[in-house]
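Student: One file: coords.tsv (TSV, C-alpha atoms and all ligand atoms).
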chain	number	residue	atom	x	y	z
A	1	MET	CA	158.52	127.81	74.99
A	2	VAL	CA	158.80	125.18	77.73
A	3	MET	CA	157.61	126.51	81.10
A	4	PRO	CA	159.69	125.39	84.08
A	5	SER	CA	157.78	123.24	86.53
A	6	VAL	CA	156.94	124.67	89.94
A	7	THR	CA	159.62	122.51	91.54
A	8	SER	CA	162.45	123.61	89.29
A	9	LEU	CA	161.36	127.25	89.58
A	10	SER	CA	161.44	127.16	93.37
A	11	LEU	CA	164.86	125.48	93.24
A	12	LEU	CA	166.05	128.28	91.00
A	13	LEU	CA	164.76	130.93	93.42
A	14	PHE	CA	166.26	129.05	96.34
A	15	SER	CA	169.71	129.02	94.76
A	16	ALA	CA	169.43	132.67	93.75
A	17	PHE	CA	168.66	133.84	97.28
A	18	THR	CA	170.92	131.58	99.32
A	19	LEU	CA	174.22	133.34	99.72
A	20	THR	CA	177.36	131.40	100.48
A	21	GLU	CA	179.31	132.41	103.56
A	22	THR	CA	181.83	134.21	101.37
A	23	GLU	CA	179.07	136.18	99.68
A	24	GLN	CA	177.53	137.08	103.03
A	25	PHE	CA	180.93	138.25	104.26
A	26	HIS	CA	181.34	140.44	101.23
A	27	TYR	CA	177.84	141.82	101.47
A	28	LYS	CA	178.37	142.77	105.09
A	29	TYR	CA	181.27	145.03	104.14
A	30	VAL	CA	181.71	147.73	101.55
A	31	THR	CA	184.27	146.42	99.09
A	32	CYS	CA	186.68	148.01	96.65
A	33	GLY	CA	185.19	148.51	93.20
A	34	SER	CA	181.61	148.24	94.48
A	35	THR	CA	178.86	150.71	93.63
A	36	LEU	CA	176.67	152.01	96.42
A	37	LYS	CA	174.43	154.79	97.65
A	38	LEU	CA	175.39	156.78	100.73
A	39	LEU	CA	172.63	157.67	103.16
A	40	ASN	CA	172.93	160.51	105.65
A	41	PRO	CA	170.85	159.00	108.49
A	42	TYR	CA	170.35	162.30	110.36
A	43	HIS	CA	168.55	163.96	107.44
A	44	LYS	CA	167.51	160.75	105.62
A	45	VAL	CA	168.98	161.96	102.33
A	46	ARG	CA	171.31	160.34	99.81
A	47	LEU	CA	174.51	161.71	98.33
A	48	HIS	CA	173.81	162.87	94.78
A	49	SER	CA	175.40	164.70	91.86
A	50	HIS	CA	174.35	165.73	88.37
A	51	ASP	CA	175.57	167.77	85.42
A	52	ILE	CA	174.78	171.11	87.11
A	53	LYS	CA	177.57	173.48	88.07
A	54	TYR	CA	177.81	175.66	91.17
A	55	GLY	CA	176.95	179.26	90.44
A	56	SER	CA	179.48	180.37	93.08
A	57	GLY	CA	182.73	179.08	94.63
A	58	SER	CA	184.64	176.74	92.34
A	59	GLY	CA	182.02	176.67	89.58
A	60	GLN	CA	182.60	172.89	89.42
A	61	GLN	CA	179.90	170.22	89.20
A	62	SER	CA	177.61	170.40	92.22
A	63	VAL	CA	177.09	167.66	94.79
A	64	THR	CA	173.82	167.63	96.73
A	65	ALA	CA	171.69	165.19	98.74
A	66	VAL	CA	168.19	164.02	97.85
A	67	GLU	CA	165.34	162.28	99.67
A	68	SER	CA	164.50	159.97	96.77
A	69	SER	CA	165.83	156.43	97.18
A	70	ASP	CA	165.31	155.75	93.50
A	71	ASP	CA	167.60	158.00	91.49
A	72	HIS	CA	170.34	156.84	89.13
A	73	ASN	CA	172.34	159.98	89.94
A	74	SER	CA	172.91	158.72	93.50
A	75	TYR	CA	175.33	155.88	92.67
A	76	TRP	CA	178.98	156.14	93.68
A	77	GLN	CA	181.79	153.70	93.03
A	78	ILE	CA	184.57	152.97	95.53
A	79	ARG	CA	187.93	153.36	93.80
A	80	PRO	CA	191.53	153.22	95.00
A	81	LYS	CA	193.42	156.36	95.83
A	82	PRO	CA	195.90	156.53	92.92
A	83	GLY	CA	199.11	154.69	93.76
A	84	THR	CA	197.49	152.46	96.39
A	85	SER	CA	195.99	149.03	96.02
A	86	CYS	CA	192.33	148.39	96.58
A	87	PHE	CA	191.50	145.06	95.01
A	88	ARG	CA	188.01	144.49	93.70
A	89	GLY	CA	185.89	142.60	96.22
A	90	VAL	CA	188.18	143.21	99.22
A	91	PRO	CA	186.57	145.03	102.18
A	92	VAL	CA	187.54	148.68	102.62
A	93	LYS	CA	189.35	149.02	105.94
A	94	CYS	CA	188.69	151.66	108.57
A	95	ASP	CA	191.25	154.49	108.10
A	96	GLN	CA	191.82	153.48	104.47
A	97	THR	CA	191.90	156.36	101.97
A	98	ILE	CA	189.75	155.89	98.89
A	99	GLN	CA	188.03	157.86	96.14
A	100	LEU	CA	184.30	157.91	95.37
A	101	MET	CA	183.42	158.31	91.70
A	102	HIS	CA	179.96	159.54	90.72
A	103	VAL	CA	178.94	156.79	88.32
A	104	ALA	CA	176.72	158.78	85.93
A	105	THR	CA	179.24	161.59	85.25
A	106	ARG	CA	182.52	159.78	86.14
A	107	ARG	CA	183.64	162.68	88.35
A	108	ASN	CA	185.08	162.22	91.83
A	109	LEU	CA	183.72	163.45	95.15
A	110	HIS	CA	186.08	166.34	95.86
A	111	GLY	CA	186.91	168.68	98.74
A	112	HIS	CA	188.71	172.02	98.68
A	113	HIS	CA	188.79	175.38	100.46
A	114	PHE	CA	186.04	177.21	98.56
A	115	ARG	CA	183.09	178.21	100.75
A	116	SER	CA	179.90	176.22	100.32
A	117	PRO	CA	176.97	178.22	98.90
A	118	LEU	CA	174.41	177.97	101.72
A	119	SER	CA	176.00	176.96	105.04
A	120	ASN	CA	179.37	178.65	104.54
A	121	ASN	CA	181.19	175.40	105.36
A	122	LEU	CA	183.64	174.06	102.76
A	123	GLU	CA	182.31	173.32	99.28
A	124	VAL	CA	182.19	169.71	98.05
A	125	SER	CA	182.13	169.22	94.28
A	126	ALA	CA	182.45	166.47	91.68
A	127	PHE	CA	185.80	166.89	89.96
A	128	GLY	CA	188.11	165.40	87.34
A	129	GLU	CA	187.46	163.73	84.02
A	130	ASP	CA	186.68	160.05	83.57
A	131	GLY	CA	187.58	159.29	87.19
A	132	VAL	CA	190.91	161.14	87.17
A	133	GLY	CA	191.18	164.19	89.43
A	134	ASP	CA	193.63	165.22	92.14
A	135	ALA	CA	194.42	164.82	95.87
A	136	GLY	CA	191.21	166.67	96.78
A	137	ASP	CA	189.40	163.50	95.69
A	138	ASP	CA	190.97	161.46	98.52
A	139	TRP	CA	188.74	160.63	101.51
A	140	THR	CA	189.63	158.60	104.60
A	141	VAL	CA	186.97	156.21	105.90
A	142	ILE	CA	186.51	156.83	109.63
A	143	CYS	CA	184.98	153.76	111.30
A	144	LYS	CA	185.54	151.54	114.30
A	145	THR	CA	185.16	147.87	113.48
A	146	GLY	CA	188.18	147.10	111.29
A	147	ASN	CA	186.36	147.00	107.97
A	148	TRP	CA	183.68	149.40	106.65
A	149	SER	CA	180.48	147.55	107.57
A	150	ARG	CA	177.11	148.28	105.95
A	151	GLU	CA	175.60	148.08	109.42
A	152	GLU	CA	177.58	150.96	110.85
A	153	ARG	CA	177.61	154.71	110.41
A	154	ILE	CA	180.94	156.02	109.17
A	155	ARG	CA	182.46	159.40	108.36
A	156	LEU	CA	184.41	160.47	105.29
A	157	LYS	CA	187.28	162.84	106.02
A	158	ASN	CA	188.80	164.79	103.16
A	159	VAL	CA	192.58	164.41	103.02
A	160	VAL	CA	193.29	167.96	101.75
A	161	THR	CA	190.99	169.96	104.06
A	162	GLY	CA	190.69	167.58	107.03
A	163	SER	CA	186.92	168.24	107.02
A	164	TYR	CA	184.05	165.73	107.14
A	165	LEU	CA	181.44	165.14	104.42
A	166	HIS	CA	178.39	166.83	105.92
A	167	VAL	CA	174.76	167.80	105.39
A	168	ASN	CA	173.88	170.92	107.34
A	169	GLY	CA	170.19	170.92	106.40
A	170	ASP	CA	170.11	173.97	104.11
A	171	VAL	CA	167.80	173.45	101.12
A	172	TYR	CA	168.38	174.73	97.57
A	173	GLY	CA	165.82	176.64	95.53
A	174	ARG	CA	165.56	176.48	91.75
A	175	PRO	CA	166.73	174.77	89.60
A	176	ILE	CA	167.39	171.99	92.12
A	177	GLN	CA	164.56	172.86	94.47
A	178	GLY	CA	164.34	170.70	97.59
A	179	GLN	CA	167.83	169.22	97.29
A	180	ARG	CA	170.08	169.65	100.33
A	181	GLU	CA	173.45	171.28	100.34
A	182	VAL	CA	176.38	168.89	100.84
A	183	SER	CA	179.47	170.50	102.35
A	184	ALA	CA	182.47	169.59	104.49
A	185	HIS	CA	182.53	170.50	108.17
A	186	ASP	CA	185.60	170.75	110.38
A	187	HIS	CA	184.15	168.85	113.36
A	188	PRO	CA	182.68	165.36	113.59
A	189	ASN	CA	179.01	165.47	114.61
A	190	GLU	CA	175.64	163.75	114.01
A	191	LYS	CA	175.17	165.45	110.65
A	192	ASN	CA	178.30	163.98	109.10
A	193	TYR	CA	177.53	160.30	109.55
A	194	TRP	CA	176.92	158.18	106.43
A	195	GLN	CA	175.72	154.65	105.91
A	196	ALA	CA	176.22	152.48	102.85
A	197	GLY	CA	172.99	151.52	101.13
A	198	GLU	CA	171.62	149.69	98.11
A	199	GLU	CA	174.10	148.41	95.52
B	201	LIG	C1	188.26	142.51	107.41
B	201	LIG	O1	188.42	141.96	106.12
B	201	LIG	C2	189.52	141.08	105.99
B	201	LIG	C3	189.58	140.65	104.53
B	201	LIG	O2	190.11	141.69	103.77
B	201	LIG	C4	189.37	139.92	106.93
B	201	LIG	O3	190.49	139.07	106.83
B	201	LIG	C5	189.21	140.42	108.35
B	201	LIG	O4	188.93	139.33	109.21
B	201	LIG	C6	188.06	141.43	108.44
B	201	LIG	N1	188.03	142.00	109.77
B	201	LIG	C7	186.95	141.93	110.55
B	201	LIG	C8	187.08	142.62	111.88
B	201	LIG	O5	185.92	141.38	110.20
Can you give me the file's structure in the form of structure tokens?
Ligand SMILES: *[C@@H]1O[C@H](CO)[C@@H](O)[C@H](O)[C@H]1NC(C)=O

Tutor:
Amino acid sequence: MVMPSVTSLSLLLFSAFTLTETEQFHYKYVTCGSTLKLLNPYHKVRLHSHDIKYGSGSGQQSVTAVESSDDHNSYWQIRPKPGTSCFRGVPVKCDQTIQLMHVATRRNLHGHHFRSPLSNNLEVSAFGEDGVGDAGDDWTVICKTGNWSREERIRLKNVVTGSYLHVNGDVYGRPIQGQREVSAHDHPNEKNYWQAGEE
């Protein structure tokens, strides 16, 4: 095997880490089709799901939040609301309605009127099969700067319930000990801000 010389290696690294202006623009904003983690800055936890069903309420797949920044069950993909266009690579606009699909199980972040197990807000589940669910999977991005920027805190408002994706602080016991309840709350406050993280 021929080893690259130091010069060609550093050139390679240089080109890999120098983003064009277009790439910088697209990194600054959350774009359609992209995969991301969602951090709740108030509690410093990340939106999470897994193949574990609620033992109450809807009995659907549970959605929680975890402290770990390194968990493959914390990836979500931005997808169009069915019947709307959301072209891959185009920034998501403030007030745009989208869906968030849990990548590992291909179920959508979902809101409805069941009561959440710990805080008695509204339950949030992961719903549908292979990315296809219903209107409860539609969330409006509430932000202020035109496009959803990675630098800003945003809210996600469920279209069916009008409530905001929220972490109250309540902690589950077994079998998901230490994970936080994720629910939907009817008023905007500090605990329902989210920030886009690692792709
Ligand atoms: C938002 O993104 C669009 C591209 O879809 C761009 O034309 C526009 O300038 C951006 N708006 C802001 C405020 O950066």

Student: Counting all atoms listed in the file, figure out which residue out of A:Thr161, A:Ser49, A:Asn168, A:Ser85 gets nearest to Ser62 (chain A).

Tutor: A:Ser49

Student: Which neighbours of Val182 (chain A) fall inside 6 Å, counting only C-alpha atoms, when residues of the same chain fewer than 2 positions from it are skipped, and could you give them as a PyMOL selection string?

Tutor: chain A and resi 64+166-167

Student: Might you pull out every residue within 12 Å of Asp137 (chain A), with all atoms listed in the file counted and same-chain residues fewer than 2 positions away left off, and present them as a ChimeraX atom specification?

Tutor: /A:78-82,97-102,107-112,124-129,131-135,139-140,156-161,165

Student: Which centre and edge lengths in Å to one decimal define the box along x, y and z that fits every listed atom of region 147-163 of chain A plus 5 Å per side, as lines of an AutoDock Vina configuration file?

Tutor:
center_x = 184.4
center_y = 158.5
center_z = 106.3
size_x = 27.7
size_y = 33.0
size_z = 19.1

Student: How close does chain A get to ligand LIG 201 (chain B)? List, as CSV, each residue of chain A within 6 Å, its nearest atom pair and the distance in Å to one decimal, counting only C-alpha atoms and all ligand atoms.

Tutor:
residue,atom,partner,partner_atom,distance
A:Val90,CA,B:LIG201,O2,5.2
A:Pro91,CA,B:LIG201,O2,5.1
A:Thr145,CA,B:LIG201,C8,5.8
A:Gly146,CA,B:LIG201,C8,4.7
A:Asn147,CA,B:LIG201,C1,4.9

Student: Excluding Glu151 (chain A) and any residue of its chain fewer than 6 positions from it, enumerate the residues within 8 Å of it, using all atoms listed in the file, and give them as a list in words.

Tutor: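 Residues near the query, excluding close chain neighbours: Lys28, Gln195 and Ala196 of chain A.
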
Student: Considering all atoms listed in the file, state which residue in the set A:Ile52, A:Leu39, A:Cys143, A:Ala65 is at the smallest distance from Val92 (chain A).

Tutor: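 Using all atoms listed in the file, Val92 (chain A) sits closest to A:Cys143.
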
Student: Separation of CA of Leu36 (chain A) and CA of Gly197 (chain A), in Å?

Tutor: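 Value for the CA of Leu36 (chain A)-CA of Gly197 (chain A) distance: 6.0 Å.
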
Student: Do you have the CA of Asn73 (chain A)-CA of Tyr164 (chain A) distance handy?

Tutor: 21.6 Å

Student: Could you tell me which of A:Trp76, A:Asp186, A:Gly59, A:Cys32 comes closest to Arg46 (chain A) if we count only C-alpha atoms?

Tutor: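 Looking only at the distances to Arg46 (chain A), the closest residue turns out to be A:Trp76.
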
Student: Quick one, how far is CA of Asp71 (chain A) from CA of Glu190 (chain A)?

Tutor: 24.6 Å

Student: Identify which of the residues A:Glu67, A:Tyr29, A:Asp51, A:Glu198 lies closest to Gln179 (chain A), counting only C-alpha atoms when measuring atom-to-atom distances.

Tutor: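 Using only C-alpha atoms, Gln179 (chain A) sits closest to A:Glu67.
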
Student: For Tyr172 (chain A), find every residue with an atom within 10 Å (counting all atoms listed in the file), except residues of its own chain fewer than 3 positions away, and show them as a list in words.

Tutor: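 Near neighbours after the sequence-gap exclusion: Thr64, Pro117, Leu118, Gly169, Pro175, Ile176, Gln177, Gly178, Gln179, Arg180 and Glu181 of chain A.
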
Student: Would you mind listing what lies within 10 Å of His72 (chain A) as a VMD selection string, with only C-alpha atoms counted and same-chain residues fewer than 3 positions away left out?

Tutor: chain A and resid 37 48 to 50 69 75 to 76 103 to 104
